[in-house]
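These notes concern the structure reproduced below.
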Amino acid sequence: MADLILKLMPTNQNSKKAFAYYRDGMSAQADGEYAEAMENYAEALTLEDDPNDRSYILYNMGLIHASNGEHDAALSKYYEAIELNPNMPQALNNVAVIFHYRGEQAKAEGDEDTAENFFDRAADYWKQAVGIAPNNYIEAQNWLKTTGRAAIDGF
């Protein structure tokens with residue numbers, strides 16, 4: 001079915017090739033073949049010009065980095081995705097999740113100031129994500145409220 005759609009899409013040849021690599025990357029990622037997925041995504045990035053499509057490629061690369069515990073690399077890809085597509089709540093959410101995780105780590109180590117800094121940064125990204133997708137991220141909304149970080153009670 002995807003091949004049929006690919007053939008019928010009214011787009012340039014590079015975009016079609018980029019989509020094929022993206023599709024293959026998603027398939028490999030779903031199978032846990034992260035190295036293969038990253039290769040496909042990297043190739044898709046070289047071919048794709050559309051900023052919105054590039055943002056999803058970068059987002060998926062961020063997911064792989066995050067799942068491998070490579071949080072700095074994941075943040076880098078999420079930031080690139082957000083720069084291209086500021087209305088991507090899933091990338092904003094994932095940045096917040098990493099900052100929250102780092103806050104929890106700092107708190108466990110007894111570094112309250114660093115923890116609060118990370119929690120504040122997480123809150124900033126969750127507020128943006130919730131602003132774009134108000135029916136999503138219920139746990140984040142509850143966390144924002146219970147920690148007093150919700151700017152308004154409109155969540």
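Residues are referred to by chain and number: the chain letter is A, B, ... according to the order shown in the structure tokens, the number counts from 1 in that chain, and ligands are numbered separately from 1 in the order shown.
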Can you pull out every residue within 12 Å of Ile64 in chain A, counting only C-alpha atoms, but drop anything in the same chain fewer than 6 positions away, and send it as a CSV table (one decimal) with C-alpha atoms, in the first residue's frame?
chain,number,residue,atom,x,y,z
A,25,GLY,CA,13.6,3.7,8.9
A,26,MET,CA,10.2,3.5,10.7
A,28,ALA,CA,13.5,-0.9,11.2
A,29,GLN,CA,12.8,1.2,14.3
A,30,ALA,CA,9.6,-0.8,15.0
A,31,ASP,CA,11.7,-4.0,14.7
A,32,GLY,CA,14.3,-2.7,17.1
A,33,GLU,CA,16.9,-2.4,14.4
A,34,TYR,CA,18.0,1.0,15.5
A,35,ALA,CA,21.3,1.2,13.6
A,36,GLU,CA,19.5,0.4,10.3
A,37,ALA,CA,16.7,2.9,11.2
A,38,MET,CA,19.3,5.6,11.8
A,39,GLU,CA,21.0,5.0,8.5
A,41,TYR,CA,16.7,8.4,8.6
A,57,ILE,CA,12.7,12.4,10.6
A,58,LEU,CA,14.7,14.2,13.3
A,70,GLU,CA,21.7,9.0,24.8
A,71,HIS,CA,19.9,12.0,26.2
A,72,ASP,CA,22.1,14.7,24.9
A,73,ALA,CA,21.9,13.4,21.4
A,74,ALA,CA,18.2,13.0,21.7
A,75,LEU,CA,17.8,16.6,22.9
A,77,LYS,CA,17.5,16.0,17.5
A,78,TYR,CA,14.4,17.2,19.3
A,94,ASN,CA,10.0,14.4,25.1
Contacts of Ile132 in chain A at 10 Å (only C-alpha atoms; same-chain gap of 5+ positions) as a CSV table (one decimal) with N, CA and C atoms, in the first residue's frame:
chain,number,residue,atom,x,y,z
A,86,PRO,N,7.8,24.2,15.2
A,86,PRO,CA,7.5,24.6,16.6
A,86,PRO,C,6.2,24.1,17.2
A,87,ASN,N,5.4,23.6,16.4
A,87,ASN,CA,4.1,23.1,16.8
A,87,ASN,C,4.1,21.5,16.9
A,88,MET,N,5.2,21.0,17.3
A,88,MET,CA,5.3,19.5,17.4
A,88,MET,C,5.3,19.1,18.9
A,89,PRO,N,4.1,18.9,19.4
A,89,PRO,CA,4.0,18.7,20.9
A,89,PRO,C,4.7,17.5,21.4
A,90,GLN,N,4.8,16.4,20.5
A,90,GLN,CA,5.5,15.2,21.0
A,90,GLN,C,7.0,15.5,21.2
A,92,LEU,N,8.3,18.5,22.0
A,92,LEU,CA,8.3,19.3,23.2
A,92,LEU,C,8.1,18.4,24.5
A,126,TRP,N,6.6,21.4,28.8
A,126,TRP,CA,5.3,20.8,29.0
A,126,TRP,C,4.2,21.8,28.8
A,127,LYS,N,4.4,23.0,29.2
A,127,LYS,CA,3.4,24.0,29.0
A,127,LYS,C,3.2,24.3,27.5
Practice prompt. Please measure the separation of CA of Gly148 in chain A and CA of Ala129 in chain A, giving the value in Å to one decimal.
Written response: 17.3 Å
With only C-alpha atoms counted and 7 Å as the cut-off, give the residues of range 30-103 of chain A in contact with range 108-120 of chain A, each with its shortest interatomic distance in Å and the pair that gives it, as a Markdown table.
| residue | atom | partner | partner_atom | distance |
| --- | --- | --- | --- | --- |
| A:Phe99 | CA | A:Phe118 | CA | 5.2 |
| A:His100 | CA | A:Phe119 | CA | 5.4 |
| A:Arg102 | CA | A:Phe118 | CA | 6.4 |
| A:Gly103 | CA | A:Ala115 | CA | 4.0 |
Worksheet entry | For Thr147 in chain A: contacts at 12 Å, only C-alpha atoms, fewer than 3 positions along chain excluded, given as a PyMOL selection string | chain A and resi 116+119-120+122-123+140-144+150-151
Worksheet item: Looking at only C-alpha atoms, which of A:Phe19, A:Ser67, A:Asp24, A:Gly131 is the one that sits closest to Arg54 in chain A?
Response: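 Among A:Phe19, A:Ser67, A:Asp24, A:Gly131, it is A:Phe19 that comes nearest to Arg54 in chain A.
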Discussion item. So that I can see what lies close to Ser55 in chain A, please list as a PyMOL selection string the residues with an atom at most 9 Å from it, counting only C-alpha atoms and leaving out residues fewer than 4 positions away in the same chain.
Written reply: chain A and resi 50-51+59-60+77-78+80-85+88
Restricting it to N, CA and C atoms, dump the selection as a short mmCIF file (atom, residue, chain, number, x, y, z; two decimals), in the first residue's frame.
data_model
loop_
_atom_site.label_atom_id
_atom_site.label_comp_id
_atom_site.auth_asym_id
_atom_site.auth_seq_id
_atom_site.Cartn_x
_atom_site.Cartn_y
_atom_site.Cartn_z
N ASP A 50 11.46 19.48 2.65
CA ASP A 50 10.32 20.03 3.37
C ASP A 50 10.61 20.08 4.88
N PRO A 51 10.55 21.26 5.49
CA PRO A 51 10.87 21.39 6.92
C PRO A 51 9.99 20.53 7.82
N TYR A 59 12.74 13.90 14.74
CA TYR A 59 12.04 13.44 15.94
C TYR A 59 12.26 11.94 16.14
N ASN A 60 12.11 11.16 15.08
CA ASN A 60 12.32 9.72 15.20
C ASN A 60 13.76 9.38 15.54
N LYS A 77 18.43 16.29 18.59
CA LYS A 77 17.50 15.99 17.49
C LYS A 77 16.13 16.61 17.75
N TYR A 78 15.66 16.55 19.00
CA TYR A 78 14.37 17.16 19.33
C TYR A 78 14.42 18.67 19.10
N GLU A 80 16.30 20.31 17.00
CA GLU A 80 16.28 20.54 15.55
C GLU A 80 14.87 20.38 15.01
N ALA A 81 14.17 19.36 15.48
CA ALA A 81 12.79 19.12 15.03
C ALA A 81 11.89 20.30 15.41
N ILE A 82 12.04 20.77 16.65
CA ILE A 82 11.22 21.89 17.13
C ILE A 82 11.54 23.17 16.36
N GLU A 83 12.80 23.36 16.01
CA GLU A 83 13.17 24.55 15.24
C GLU A 83 12.47 24.55 13.89
N LEU A 84 12.37 23.38 13.27
CA LEU A 84 11.71 23.27 11.97
C LEU A 84 10.19 23.27 12.10
N ASN A 85 9.70 22.76 13.23
CA ASN A 85 8.26 22.61 13.43
C ASN A 85 7.93 22.94 14.89
N MET A 88 5.19 20.97 17.29
CA MET A 88 5.31 19.52 17.40
C MET A 88 5.28 19.15 18.88
#
Worksheet entry | Per-residue DSSP, chain A, filtered to helix (DSSP H, G or I), as a VMD selection string | chain A and resid 2 to 8 13 to 30 34 to 47 51 to 67 71 to 84 89 to 108 112 to 132 138 to 146
Practice prompt. Work out how far CA of Asn52 in chain A is from CA of Ala96 in chain A, in Å to one decimal.
Written response: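 Separation of CA of Ala96 in chain A and CA of Asn52 in chain A: 21.0 Å.
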